[in-house]
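Reading through the structure tokens given below for one structure.
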Amino acid sequence: MRRTHLVTPRALALALPLLAACPQQQQPPPQPPPAEPAPVVVVAEHPLAPIAAPETWVGSVTLIGASLEVIAHLEPDPAKPGAWRGRIDIPMQGVKDFPLQDVDMSPEGLEFTLAPPGASEAQRAVFVVAREPNAATAKGELSQNGQSFPLELRRLAPGESLADLGPKRPQEPKPPYPYSVRDASFTSPVDNITLAGSFTAPATPGKHAAVVLLTGSGAQDRDEAIMGHKPFLVLADHLTRSGVAVLRFDDRGVGGSGGNLSNTSHETQQKDASAALAWLQAQPEVDPTRVGIVGHSEGANLAILTAAADKQVRFIVLLAGMGVSGQEILPMQMAALLRAAGAPEAELAPLVALEKKLIAGIMKKKPRPELEALARDLTRRQLDLSKPPTPVTPEQLDAIVKSSLDAFDTPSFRSLLRHDPRPSLRKLKIPVLALNGTLDLQVPVKENLGEIEKALKAARNKDFTVKPLTGLNHLFQPASTGQIEEYSKIELTFAPEALNEVSSWISAHTAATPSATPPATPPATPPA
């Protein structure tokens, strides 16, 4: 799971939740400045002021217990002489080319504002830094939601490339691809929302096995972009090169998809997944009798739900899937993260009890002041246990509590809390592969893989594989500690051994000729 919420240290580290929700947009390419009209009469020649060149500023915001890399692309605004415009990238949160507002550049400093659509004045992220006249380094603050965080920026030197900065991503594929790629779109049967994605198919002739990829919790794009990585881009590339067609799509409210994921229940998301599967079955490159679902984290929950409800699903792959309920996983996750950070074991039991009390209060819709008191106590204790202890002002603590409780109070998150995968798992007779990394601190391996195995045995499922992968974290990266702060620092996006486990298992379970499986006719319309 990757949702930012109060009950794990990640909520304290990602203090800019609105930035992560910014839709990815492409800014038009800069236009050349308007030409100066030729003078009719020259009385005296005065040199023109030099035309300002575009500048790229890179740096980081120091958050509570972590840092966040930002990249600001600034340039003169051709429509407003003397003014500037800009775009921002926040790789850890999947933000790319998001347009900035109120850009101001001067020899003494610069400032700009990131304002997601519909954001209130308090939710606008305001970046302000000062510098020595025309210096290439600047320091200041980022302000949002009543909180301020230290900000340092530096201007890239001429010829310096962004590619030289930060960790490389060697697994991300680059065109030309040895397979076909095309845009995809389909309609949800629930509310006619259009969902958009990408379809990749092997170049070899004939019909192929195929999968739909389902992302983890929170609004994710089709590549499941997180902390500078694109796990689903890498996974789709690997599977397609292995002979499996792949559909991956943007969650509601992200990229090309309409709607709003936070207002969407698990039941609706399951029907969206069935609609994706129906679209996939109808493609000429796909054998409709050999289609399945690969889900990561909360996407694994949705894969289980869809397989239990939709007989068109012939197999599922669960990547870091939950084996317990959402109400159980959150305290488990908090304890695992704090334990890995060095918190004394004796301190964890009271925190777990407090978190369970908070979750119970949320599910029972207790009065907001009562929930705020519990959340404030829990947050303060977590901060005290961080290494080193993280000081916060009362205003910062109030902002964390408010944003966290607001995140809890959505149909999507309540669905996660209520969801228990075991009843649906006990219905499954189709092949199932369940993988989890032994350093996964968000969905701890022992407690969750064990419950998945027990449920599938109870179903008398005769074809399932449950396998822990040594040394891999929640994103299936080779890790040292499994801590979330490692994700962006690790160059590999998806461990090759995990990719091979998935592709080899799918190949083995889809190698039979179509006649060996009762034929399935793709539905004319997505199943309701």
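FYI, nothing fancy with the structure tokens labels: chains A, B, ... in order, residues from 1 per chain, ligands from 1 as they appear.
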
(message) Taking 6 positions as the minimum chain separation for residues in the same chain, which residues sit within 8 Å of segment 252-269 of chain A when counting only C-alpha atoms? Answer as an MDAnalysis selection string.
(response) chainID A and resid 23:25 190 193:197 218:221 302 410:416

(message) Write out as a ChimeraX atom specification the set of residues from segment 172-361 of chain A that DSSP, computed on the backbone, places in alpha helix (DSSP H).
(response) /A:231-241,266-281,298-309,326-340,345-361

(message) With only C-alpha atoms as the counted atoms, please give the residues lying no more than 7 Å from segment 104-106 of chain A, apart from itself and same-chain residues fewer than 5 positions off, as a list in words.
(response)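 Neighbouring residues, sequence-local ones excluded: Trp84, Glu111 and Phe112 of chain A.
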
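If you measure from each of A:Leu441, A:Glu152, A:Ala511, A:Ala434 to Val244 of chain A using only C-alpha atoms, the closest one turns out to be A:Ala511.
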
(message) as an MDAnalysis selection string, please: the residues near Thr438 of chain A (cut-off 10 Å, only C-alpha atoms, same-chain neighbours under 2 positions excluded).
(response) chainID A and resid 435:436 440:441 443:446 467:474 476 479 482

(request) Could you give me, as a list in words, the residues within 9 Å of Val128 of chain A, counting only C-alpha atoms and dropping anything in the same chain fewer than 6 positions from it? (result)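 The neighbour list is Gly109, Leu110, Glu111, Phe112, Thr113, Lys139, Gly140, Glu141, Leu142, Ser143 and Leu151 of chain A.
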
(request) Could you check how far atom CA of Glu345 of chain A sits from atom CA of Ser217 of chain A, in Å to one decimal? (result) 28.2 Å

(request) Write out as a ChimeraX atom specification which residues come within 8 Å of Leu239 of chain A when counting only C-alpha atoms, dropping same-chain ones fewer than 6 positions away. (result) /A:245-246,503

The selected residues should be written to file as a PDB file, in the first residue's frame (atoms: N, CA and C atoms).
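Resulting contents of result.pdb:
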ATOM      1  N   ALA A 245       0.663  -9.946 -23.803  1.00  0.00           N
ATOM      2  CA  ALA A 245       0.106  -8.615 -24.048  1.00  0.00           C
ATOM      3  C   ALA A 245      -0.325  -7.988 -22.720  1.00  0.00           C
ATOM      4  N   VAL A 246      -0.233  -6.671 -22.624  1.00  0.00           N
ATOM      5  CA  VAL A 246      -0.474  -5.993 -21.350  1.00  0.00           C
ATOM      6  C   VAL A 246      -1.317  -4.742 -21.552  1.00  0.00           C
ATOM      7  N   SER A 503       6.850 -13.602 -15.109  1.00  0.00           N
ATOM      8  CA  SER A 503       6.715 -13.980 -16.523  1.00  0.00           C
ATOM      9  C   SER A 503       6.780 -15.493 -16.722  1.00  0.00           C
TER      10      SER A 503
END

(request) Would you please extract all strand (DSSP E) residues from segment 392-500 of chain A, as assigned by DSSP on the backbone, and give them as a PyMOL selection string? (result) chain A and resi 432-437+464-469

(request) Find the residue from A:Thr137, A:Gln123, A:Gln144, A:Thr493 that sits nearest to Pro173 of chain A; use only C-alpha atoms when measuring. (result)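 Comparing A:Thr137, A:Gln123, A:Gln144, A:Thr493 against Pro173 of chain A, the winner is A:Thr493.
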
(request) Measuring atom to atom with only C-alpha atoms, identify which of A:Ala130, A:Leu153, A:Ala309, A:Ala203 is nearest to Tyr177 of chain A. (result)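 Among A:Ala130, A:Leu153, A:Ala309, A:Ala203, it is A:Ala203 that comes nearest to Tyr177 of chain A.
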